[in-house]
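A.B. asks: Structure file data25.cif (mmCIF, C-alpha atoms) is given on the next line.
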data_query
loop_
_atom_site.label_atom_id
_atom_site.label_comp_id
_atom_site.auth_asym_id
_atom_site.auth_seq_id
_atom_site.Cartn_x
_atom_site.Cartn_y
_atom_site.Cartn_z
CA MET B 307 -19.81 -2.03 14.54
CA LYS B 308 -17.27 0.79 14.58
CA VAL B 309 -14.41 1.21 17.04
CA THR B 310 -12.59 4.53 17.48
CA LEU B 311 -9.46 4.91 19.57
CA LEU B 312 -10.19 8.23 21.24
CA GLY B 313 -7.07 8.32 23.38
CA THR B 314 -3.99 6.12 23.03
CA GLY B 315 -1.68 7.86 25.49
CA ASN B 316 -0.26 6.69 28.78
CA PRO B 317 -0.05 8.59 32.10
CA LEU B 318 2.81 10.80 30.82
CA PRO B 319 1.28 13.86 29.09
CA SER B 320 1.69 14.00 25.33
CA PRO B 321 0.78 16.81 22.91
CA ASP B 322 -0.41 14.22 20.41
CA ARG B 323 -2.17 11.59 22.51
CA ALA B 324 -5.15 11.92 24.81
CA GLY B 325 -5.65 9.59 27.75
CA ALA B 326 -7.02 6.09 27.64
CA ALA B 327 -10.47 5.94 26.03
CA THR B 328 -12.16 3.93 23.28
CA LEU B 329 -15.51 4.47 21.58
CA VAL B 330 -17.62 1.56 20.35
CA GLN B 331 -20.65 2.25 18.17
CA ALA B 332 -22.75 -0.89 17.82
CA GLY B 333 -26.23 -0.74 16.35
CA SER B 334 -28.19 1.83 18.33
CA ARG B 335 -25.72 1.79 21.24
CA THR B 336 -22.77 4.14 21.74
CA LEU B 337 -20.39 2.92 24.42
CA LEU B 338 -17.39 4.69 25.93
CA VAL B 339 -14.72 2.46 27.45
CA ASP B 340 -12.63 4.39 29.99
CA ALA B 341 -12.47 8.16 30.31
CA GLY B 342 -8.90 9.38 30.38
CA ARG B 343 -7.41 12.81 29.81
CA GLY B 344 -9.14 14.85 27.07
CA VAL B 345 -11.87 12.30 26.38
CA VAL B 346 -14.66 14.81 25.71
CA LEU B 347 -12.53 16.67 23.16
CA ARG B 348 -11.75 13.40 21.39
CA LEU B 349 -15.43 12.41 21.49
CA ALA B 350 -16.28 15.67 19.74
CA ALA B 351 -13.57 15.03 17.15
CA ALA B 352 -15.14 11.62 16.50
CA GLY B 353 -18.53 13.27 15.97
CA VAL B 354 -20.08 12.10 19.24
CA LEU B 355 -21.21 14.24 22.18
CA PRO B 356 -21.52 12.92 25.74
CA MET B 357 -25.34 13.08 25.81
CA GLN B 358 -25.33 10.53 22.97
CA LEU B 359 -23.59 7.90 25.10
CA SER B 360 -25.55 4.81 26.07
CA ALA B 361 -23.10 3.84 28.82
CA VAL B 362 -19.58 4.30 30.14
CA LEU B 363 -17.61 1.11 30.83
CA LEU B 364 -14.60 1.39 33.15
CA THR B 365 -11.91 -1.28 33.09
CA HIS B 366 -10.29 -0.13 36.34
CA LEU B 367 -9.88 2.87 38.58
CA HIS B 368 -6.34 4.05 37.86
CA SER B 369 -6.43 7.83 37.45
CA ASP B 370 -5.31 7.81 33.81
CA HIS B 371 -8.42 5.81 32.89
CA ILE B 372 -10.98 7.88 34.82
CA CYS B 373 -9.55 11.38 35.28
CA ASP B 374 -12.01 13.04 32.85
CA LEU B 375 -15.08 11.06 33.85
CA ASN B 376 -16.23 14.22 35.62
CA ASP B 377 -16.18 16.06 32.28
CA VAL B 378 -18.23 13.29 30.65
CA VAL B 379 -20.79 13.46 33.47
CA THR B 380 -21.05 17.26 33.52
CA THR B 381 -21.22 17.68 29.75
CA HIS B 382 -23.75 14.84 29.43
CA TRP B 383 -25.91 16.61 32.03
CA VAL B 384 -25.77 20.20 30.76
CA MET B 385 -26.11 19.31 27.05
CA SER B 386 -29.06 16.94 27.43
CA PRO B 387 -32.34 18.68 26.53
CA VAL B 388 -34.14 16.62 29.17
CA THR B 389 -32.79 14.89 32.25
CA GLN B 390 -31.52 11.46 31.28
CA PRO B 391 -29.50 8.95 33.27
CA LEU B 392 -25.92 8.07 32.43
CA GLN B 393 -25.06 4.44 33.02
CA VAL B 394 -21.58 3.81 34.39
CA LEU B 395 -20.32 0.24 34.74
CA GLY B 396 -17.07 -0.61 36.43
CA PRO B 397 -15.36 -2.87 38.93
CA PRO B 398 -16.08 -2.74 42.67
CA GLY B 399 -15.03 0.69 43.92
CA THR B 400 -16.71 2.52 41.03
CA ALA B 401 -19.62 3.69 43.19
CA GLU B 402 -17.17 5.17 45.69
CA VAL B 403 -15.36 7.04 42.93
CA VAL B 404 -18.57 8.41 41.39
CA THR B 405 -19.93 9.50 44.78
CA ALA B 406 -16.71 11.39 45.52
CA MET B 407 -16.69 12.89 42.02
CA LEU B 408 -20.24 14.20 42.41
CA ALA B 409 -19.25 15.68 45.78
CA MET B 410 -16.37 17.49 44.04
CA LEU B 411 -18.82 18.80 41.44
CA ALA B 412 -21.39 19.91 44.06
CA PRO B 413 -20.61 23.67 43.85
CA ASP B 414 -20.84 23.61 40.03
CA ILE B 415 -24.12 21.68 40.21
CA ARG B 416 -25.55 24.27 42.62
CA TYR B 417 -24.49 27.16 40.36
CA ARG B 418 -26.10 25.62 37.29
CA LEU B 419 -29.33 24.70 39.07
CA ALA B 420 -29.57 28.27 40.38
CA HIS B 421 -28.99 29.77 36.93
CA HIS B 422 -31.01 27.51 34.62
CA ASP B 423 -34.69 27.06 35.45
CA ASP B 424 -34.99 24.10 33.07
CA LEU B 425 -32.43 22.13 35.07
CA VAL B 426 -34.51 20.62 37.84
CA ALA B 427 -32.01 18.14 39.27
CA GLY B 428 -28.32 17.35 39.20
CA PRO B 429 -26.63 14.66 37.10
CA ASP B 430 -28.30 11.25 37.25
CA VAL B 431 -25.40 8.78 37.25
CA GLN B 432 -26.48 5.16 37.62
CA VAL B 433 -23.58 2.96 38.72
CA THR B 434 -23.45 -0.80 38.31
CA GLU B 435 -20.43 -2.57 39.76
CA VAL B 436 -19.44 -5.60 37.69
CA GLY B 437 -16.89 -8.33 37.46
CA ALA B 438 -16.61 -9.43 41.06
CA GLY B 439 -17.08 -13.08 40.07
CA ALA B 440 -14.49 -15.37 38.57
CA THR B 441 -16.13 -15.89 35.18
CA ALA B 442 -17.36 -13.70 32.36
CA GLY B 443 -21.01 -12.74 32.25
CA VAL B 444 -23.47 -10.53 30.37
CA VAL B 445 -23.87 -7.08 31.93
CA LEU B 446 -25.80 -5.34 29.13
CA ASP B 447 -28.12 -6.87 26.52
CA GLU B 448 -30.07 -4.22 24.62
CA ASP B 449 -31.24 -3.89 20.99
CA GLY B 450 -29.04 -6.72 19.80
CA VAL B 451 -25.93 -5.45 21.58
CA ARG B 452 -24.42 -7.66 24.27
CA VAL B 453 -21.68 -6.59 26.66
CA LEU B 454 -19.86 -9.28 28.60
CA VAL B 455 -17.40 -8.64 31.41
CA GLY B 456 -14.56 -10.81 32.61
CA PRO B 457 -11.77 -10.58 35.18
CA THR B 458 -8.31 -9.40 34.17
CA ASP B 459 -5.02 -9.18 36.08
CA HIS B 460 -3.53 -5.75 36.78
CA ARG B 461 -2.46 -6.49 40.34
CA PRO B 462 -1.89 -4.83 42.73
CA VAL B 463 -4.77 -2.91 41.14
CA GLU B 464 -7.74 -5.18 41.75
CA PRO B 465 -10.29 -6.09 40.76
CA THR B 466 -9.94 -5.11 37.13
CA VAL B 467 -12.12 -6.13 34.20
CA GLY B 468 -12.23 -6.35 30.43
CA TYR B 469 -15.27 -6.11 28.17
CA ARG B 470 -16.42 -8.03 25.11
CA ILE B 471 -18.99 -6.23 22.99
CA GLU B 472 -21.01 -8.25 20.49
CA HIS B 473 -23.39 -7.10 17.76
CA ASP B 474 -24.63 -8.51 14.47
CA GLY B 475 -22.22 -11.43 14.53
CA ARG B 476 -19.16 -9.27 15.31
CA SER B 477 -17.22 -8.93 18.55
CA ILE B 478 -14.53 -6.73 20.05
CA VAL B 479 -12.63 -7.07 23.32
CA LEU B 480 -11.44 -4.02 25.26
CA ALA B 481 -8.90 -5.38 27.71
CA GLY B 482 -7.62 -2.30 29.50
CA ASP B 483 -4.40 -2.76 31.47
CA THR B 484 -3.66 -6.40 32.22
CA VAL B 485 -1.10 -9.14 31.96
CA PRO B 486 -2.09 -12.40 30.23
CA CYS B 487 -4.57 -14.42 32.28
CA ALA B 488 -7.35 -16.97 31.89
CA GLY B 489 -10.09 -14.35 32.09
CA LEU B 490 -8.55 -12.39 29.23
CA ASP B 491 -8.16 -15.52 27.11
CA GLU B 492 -11.83 -16.37 27.61
CA LEU B 493 -13.00 -12.88 26.66
CA CYS B 494 -10.82 -12.83 23.54
CA ARG B 495 -11.68 -16.27 22.20
CA GLY B 496 -12.57 -15.92 18.50
CA ALA B 497 -13.08 -12.14 18.68
CA ASP B 498 -12.94 -10.01 15.54
CA ALA B 499 -10.76 -7.43 17.31
CA TYR B 500 -8.80 -7.25 20.56
CA VAL B 501 -7.71 -3.82 21.85
CA GLN B 502 -4.80 -4.07 24.28
CA THR B 503 -2.56 -1.74 26.23
CA VAL B 504 0.99 -2.69 25.26
CA LEU B 505 4.38 -2.13 26.84
CA ARG B 506 7.87 -2.47 25.35
CA ASP B 507 9.65 -4.05 28.31
CA ASP B 508 12.98 -3.82 26.47
CA LEU B 509 12.67 -0.02 26.33
CA VAL B 510 11.20 0.48 29.78
CA ALA B 511 14.04 -1.54 31.32
CA LEU B 512 16.51 1.04 29.97
CA VAL B 513 14.99 3.89 31.97
CA PRO B 514 16.88 4.36 35.27
CA ALA B 515 13.76 5.01 37.36
CA GLN B 516 12.29 2.27 39.53
CA ARG B 517 8.81 3.76 39.45
CA PHE B 518 8.80 3.54 35.65
CA GLN B 519 10.32 0.05 35.59
CA ASP B 520 7.58 -1.10 37.96
CA THR B 521 5.11 -0.74 35.09
CA ILE B 522 6.54 -3.90 33.54
CA ASP B 523 4.97 -5.95 36.34
CA TYR B 524 1.34 -5.35 35.45
CA HIS B 525 0.99 -4.52 31.75
CA SER B 526 1.04 -6.90 28.82
CA SER B 527 4.25 -6.60 26.89
CA LEU B 528 3.96 -6.20 23.14
CA VAL B 529 5.02 -9.83 22.76
CA GLN B 530 2.52 -11.05 25.37
CA ALA B 531 -0.35 -9.16 23.69
CA ALA B 532 0.52 -10.77 20.35
CA GLN B 533 0.71 -14.18 21.97
CA THR B 534 -2.69 -13.67 23.63
CA ALA B 535 -4.16 -12.72 20.25
CA ALA B 536 -2.69 -15.82 18.62
CA ARG B 537 -3.75 -18.14 21.43
CA ALA B 538 -7.32 -16.81 21.42
CA GLY B 539 -7.68 -16.89 17.64
CA VAL B 540 -8.65 -13.24 17.22
CA ARG B 541 -8.68 -11.61 13.76
CA ARG B 542 -7.21 -8.20 14.63
CA LEU B 543 -4.87 -7.03 17.35
CA VAL B 544 -5.15 -3.30 18.09
CA LEU B 545 -2.21 -1.75 19.90
CA THR B 546 -3.11 1.16 22.18
CA HIS B 547 -1.91 3.00 25.30
CA GLN B 548 1.68 2.27 24.26
CA ILE B 549 4.34 2.42 26.97
CA PRO B 550 6.70 4.22 26.62
CA THR B 551 5.26 6.81 24.25
CA PRO B 552 6.57 5.67 20.86
CA ALA B 553 9.23 7.78 19.20
CA PRO B 554 8.16 9.36 15.89
CA GLY B 555 8.50 6.89 13.06
CA SER B 556 8.93 3.87 15.33
CA SER B 557 5.57 2.21 14.68
CA ALA B 558 7.02 -0.19 12.09
CA GLU B 559 9.40 -1.59 14.71
CA TRP B 560 6.57 -2.16 17.18
CA LEU B 561 4.44 -3.82 14.51
CA ALA B 562 7.28 -6.11 13.44
CA ILE B 563 7.79 -7.33 16.99
CA ALA B 564 4.08 -8.16 17.32
CA ALA B 565 3.95 -9.78 13.87
CA ALA B 566 6.62 -12.28 14.92
CA HIS B 567 4.06 -13.77 17.33
CA PHE B 568 0.70 -13.12 15.64
CA ASP B 569 -0.08 -13.58 11.95
CA GLY B 570 -3.44 -11.78 11.93
CA GLU B 571 -4.04 -8.12 11.17
CA ILE B 572 -2.28 -5.70 13.53
CA VAL B 573 -3.58 -2.14 13.86
CA TRP B 574 -1.32 0.63 15.13
CA GLY B 575 -3.16 2.84 17.59
CA ASP B 576 -3.02 6.60 17.17
CA ASP B 577 -5.74 8.90 18.46
CA LEU B 578 -8.91 8.79 16.34
CA VAL B 579 -7.93 5.70 14.38
CA ALA B 580 -11.24 4.00 13.50
CA ILE B 581 -11.90 0.36 12.67
CA ASP B 582 -15.06 -0.95 11.02
CA LEU B 583 -15.97 -4.51 11.91
#
What does the file become when written as structure tokens?

C.D. replies:
Amino acid sequence: MKVTLLGTGNPLPSPDRAGAATLVQAGSRTLLVDAGRGVVLRLAAAGVLPMQLSAVLLTHLHSDHICDLNDVVTTHWVMSPVTQPLQVLGPPGTAEVVTAMLAMLAPDIRYRLAHHDDLVAGPDVQVTEVGAGATAGVVLDEDGVRVLVGPTDHRPVEPTVGYRIEHDGRSIVLAGDTVPCAGLDELCRGADAYVQTVLRDDLVALVPAQRFQDTIDYHSSLVQAAQTAARAGVRRLVLTHQIPTPAPGSSAEWLAIAAAHFDGEIVWGDDLVAIDL
């Protein structure tokens, strides 16, 4: 199983970091988790094109995690030699988002259908809404790859979910944006890797802007992410979607803070960092 951090940025634009997105290649399955800014460009850089995706898994519907889903859908459609469905899984509300997105794309779809005789229908996006229950459950089980979903806590954004992907005795958890909670602990238990959005509350608190300070309320701090990793007994903690955008050369400081609370391997997340499990 291979995990590639496609985009490690946060909502503030960065020349070096694309938006939230992670690629998981497990056996014959290629899974995209979230679809933030620049995701198709980062997919190409990782050697994967959208028509090769088995499914897209959305953790929640904040714009920075879904803003380039339309590019994934369109490129998957126009690059596929034959019409093939694209599975999209996400929390309740995902169907509403996809329906509105396809309505936005309607003129483009009409133009392409009118121009290309071999395109006989528009994009086939098959949405499954997941994670409405209180406990984790299997949402995909194909060719030895299992995907489990569980509830997370990113309130007032709700519901939100995390995913655990298992293959060949290995497992990885993609938590998205969440504070520590029972659902996250259950997903992470004994995982080989745990990918978590992390926030430096000490730095955010210094910014004299209430809207920015509000982000402390619903993201795991760096310390909390490390504590979750330790409590759940995971092997690797992967730091992504760092808030605020780290200053050049500051990664060692972030890693040291996490290492004070977790004695496993800690991976610093830059775009296109890849981890083999």

A.B. asks: Rank B:Val362, B:Asp370, B:Leu392, B:Glu435 by their smallest atom-to-atom distance to Gly313 of chain B, using only C-alpha atoms, and report the top residue only.

C.D. replies: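 Under the stated criterion, the closest residue is B:Asp370.
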
A.B. asks: Convert the output of the PyMOL selection byres ((chain B and resi 358) around 12) on the shown file into explicit residues, formatted as an NGL selection string.

C.D. replies: :B and (329 or 331 or 334-338 or 346 or 349-350 or 353-357 or 359-362 or 378-379 or 381-383 or 385-387 or 390-393)

A.B. asks: I need the residue nearest Gly475 of chain B from this list: B:His421, B:His368, B:Arg452, B:Arg542. Use all atoms listed in the file for the distance.

C.D. replies: B:Arg452

A.B. asks: Spell out the residues picked by the PyMOL selection byres ((chain B and resi 528-539) around 6) here, as a ChimeraX atom specification.

C.D. replies: /B:491,494-496,504-506,526-527,540,564,567-568

A.B. asks: Skipping near chain neighbours, those fewer than 2 positions away, what residues fall within 10 Å of Asp576 of chain B using all atoms listed in the file, listed as a PyMOL selection string?

C.D. replies: chain B and resi 310-315+322-324+545-548+557+573-574+578-580

A.B. asks: Would you list the residues near (-4.0, -5.3, 22.8), meaning any protein, DNA or RNA residue with an atom at most 6 Å from that point in file coordinates, counting all atoms listed in the file, as a list in words?

C.D. replies: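 Using all atoms listed in the file, the matching residues come out as Tyr500, Val501, Gln502, Thr503, Ala531, Leu543, Val544 and Leu545 of chain B.
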
A.B. asks: Would you mind exporting C-alpha atoms of the selected residues as a CSV table (one decimal), in the frame of the given file?

C.D. replies:
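Saved file out27.csv follows:
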chain,number,residue,atom,x,y,z
B,500,TYR,CA,-8.8,-7.2,20.6
B,501,VAL,CA,-7.7,-3.8,21.8
B,502,GLN,CA,-4.8,-4.1,24.3
B,503,THR,CA,-2.6,-1.7,26.2
B,531,ALA,CA,-0.4,-9.2,23.7
B,543,LEU,CA,-4.9,-7.0,17.4
B,544,VAL,CA,-5.2,-3.3,18.1
B,545,LEU,CA,-2.2,-1.8,19.9

A.B. asks: Ranking B:Pro457, B:Gly489, B:Gln432, B:Thr380 by minimum distance to Met410 of chain B and counting all atoms listed in the file, which one comes first?

C.D. replies: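 The answer is B:Thr380, which sits nearest to Met410 of chain B.
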
A.B. asks: With a distance cut-off of 9 Å and all atoms listed in the file, select the neighbouring residues of Asn376 of chain B, excluding the residue or stretch itself and same-chain residues fewer than 6 positions from it, and output the selection as a PyMOL selection string.

C.D. replies: chain B and resi 341+404+407-408+411

A.B. asks: Evaluating the PyMOL selection byres ((chain B and resi 481) around 10) on the displayed file yields which residues, as a PyMOL selection string?

C.D. replies: chain B and resi 339+365+455-459+466-470+478-480+482-485+490+493-494+500-503

A.B. asks: Just to confirm, what's the straight-line distance from atom CA of Asp577 of chain B to atom CA of Ile563 of chain B in Å (one decimal)?

C.D. replies: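 Separation of atom CA of Asp577 of chain B and atom CA of Ile563 of chain B: 21.2 Å.
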
A.B. asks: From the list B:Gly325, B:Pro486, B:Gly399, B:Gly428, which residue is nearest Ile415 of chain B when using only C-alpha atoms?

C.D. replies: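 Looking only at the distances to Ile415 of chain B, the closest residue turns out to be B:Gly428.
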
A.B. asks: Find the residue from B:Asp377, B:Asp523, B:Glu492, B:Asp424 that sits nearest to Leu347 of chain B; use all atoms listed in the file when measuring.

C.D. replies: B:Asp377

A.B. asks: Have a look at atom CA of Ala352 of chain B and atom CA of Lys308 of chain B and let me know their distance in Å, one decimal.

C.D. replies: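 According to the coordinates, atom CA of Ala352 of chain B and atom CA of Lys308 of chain B are separated by 11.2 Å.
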
A.B. asks: If you take every atom of segment 331-347 of chain B that the file lists and fit an axis-aligned box around them with 4 Å extra on each side, what centre and edge lengths come out in Å to one decimal, as lines of an AutoDock Vina configuration file?

C.D. replies:
center_x = -17.8
center_y = 7.9
center_z = 23.4
size_x = 28.8
size_y = 25.6
size_z = 22.0

A.B. asks: Work out how far apart atom CA of Ala327 of chain B and atom CA of Gly342 of chain B are and give it in Å to one decimal.

C.D. replies: 5.8 Å

A.B. asks: Output segment 540-557 of chain B as a PDB file, in the coordinates of the input, making sure N, CA and C atoms are there.

C.D. replies:
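The resulting file, rebuild.pdb, is reproduced below:
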ATOM      1  N   VAL B 540      -7.974 -14.462  17.633  1.00  0.00           N
ATOM      2  CA  VAL B 540      -8.650 -13.240  17.220  1.00  0.00           C
ATOM      3  C   VAL B 540      -8.210 -12.859  15.805  1.00  0.00           C
ATOM      4  N   ARG B 541      -9.003 -12.014  15.140  1.00  0.00           N
ATOM      5  CA  ARG B 541      -8.680 -11.610  13.760  1.00  0.00           C
ATOM      6  C   ARG B 541      -7.769 -10.397  13.729  1.00  0.00           C
ATOM      7  N   ARG B 542      -7.990  -9.435  14.639  1.00  0.00           N
ATOM      8  CA  ARG B 542      -7.210  -8.200  14.630  1.00  0.00           C
ATOM      9  C   ARG B 542      -6.698  -7.909  16.034  1.00  0.00           C
ATOM     10  N   LEU B 543      -5.464  -7.517  16.117  1.00  0.00           N
ATOM     11  CA  LEU B 543      -4.870  -7.030  17.350  1.00  0.00           C
ATOM     12  C   LEU B 543      -4.674  -5.533  17.208  1.00  0.00           C
ATOM     13  N   VAL B 544      -5.233  -4.762  18.133  1.00  0.00           N
ATOM     14  CA  VAL B 544      -5.150  -3.300  18.090  1.00  0.00           C
ATOM     15  C   VAL B 544      -4.273  -2.837  19.240  1.00  0.00           C
ATOM     16  N   LEU B 545      -3.184  -2.175  18.902  1.00  0.00           N
ATOM     17  CA  LEU B 545      -2.210  -1.750  19.900  1.00  0.00           C
ATOM     18  C   LEU B 545      -2.516  -0.329  20.362  1.00  0.00           C
ATOM     19  N   THR B 546      -2.770  -0.161  21.648  1.00  0.00           N
ATOM     20  CA  THR B 546      -3.110   1.160  22.180  1.00  0.00           C
ATOM     21  C   THR B 546      -2.356   1.410  23.474  1.00  0.00           C
ATOM     22  N   HIS B 547      -2.466   2.666  23.985  1.00  0.00           N
ATOM     23  CA  HIS B 547      -1.910   3.000  25.300  1.00  0.00           C
ATOM     24  C   HIS B 547      -0.457   2.514  25.383  1.00  0.00           C
ATOM     25  N   GLN B 548       0.331   2.812  24.343  1.00  0.00           N
ATOM     26  CA  GLN B 548       1.680   2.270  24.260  1.00  0.00           C
ATOM     27  C   GLN B 548       2.597   2.875  25.322  1.00  0.00           C
ATOM     28  N   ILE B 549       3.401   2.016  25.923  1.00  0.00           N
ATOM     29  CA  ILE B 549       4.340   2.420  26.970  1.00  0.00           C
ATOM     30  C   ILE B 549       5.730   1.888  26.587  1.00  0.00           C
ATOM     31  N   PRO B 550       6.745   2.757  26.505  1.00  0.00           N
ATOM     32  CA  PRO B 550       6.700   4.220  26.620  1.00  0.00           C
ATOM     33  C   PRO B 550       6.073   4.832  25.373  1.00  0.00           C
ATOM     34  N   THR B 551       5.796   6.145  25.430  1.00  0.00           N
ATOM     35  CA  THR B 551       5.260   6.810  24.250  1.00  0.00           C
ATOM     36  C   THR B 551       6.187   6.584  23.072  1.00  0.00           C
ATOM     37  N   PRO B 552       5.687   6.017  21.988  1.00  0.00           N
ATOM     38  CA  PRO B 552       6.570   5.670  20.860  1.00  0.00           C
ATOM     39  C   PRO B 552       7.257   6.894  20.252  1.00  0.00           C
ATOM     40  N   ALA B 553       8.504   6.724  19.892  1.00  0.00           N
ATOM     41  CA  ALA B 553       9.230   7.780  19.200  1.00  0.00           C
ATOM     42  C   ALA B 553       8.637   7.949  17.803  1.00  0.00           C
ATOM     43  N   PRO B 554       8.671   9.162  17.253  1.00  0.00           N
ATOM     44  CA  PRO B 554       8.160   9.360  15.890  1.00  0.00           C
ATOM     45  C   PRO B 554       8.817   8.395  14.906  1.00  0.00           C
ATOM     46  N   GLY B 555       7.988   7.790  14.079  1.00  0.00           N
ATOM     47  CA  GLY B 555       8.500   6.890  13.060  1.00  0.00           C
ATOM     48  C   GLY B 555       8.853   5.496  13.539  1.00  0.00           C
ATOM     49  N   SER B 556       8.533   5.176  14.794  1.00  0.00           N
ATOM     50  CA  SER B 556       8.930   3.870  15.330  1.00  0.00           C
ATOM     51  C   SER B 556       7.838   2.807  15.234  1.00  0.00           C
ATOM     52  N   SER B 557       6.681   3.162  14.679  1.00  0.00           N
ATOM     53  CA  SER B 557       5.570   2.210  14.680  1.00  0.00           C
ATOM     54  C   SER B 557       5.910   0.919  13.939  1.00  0.00           C
TER      55      SER B 557
END
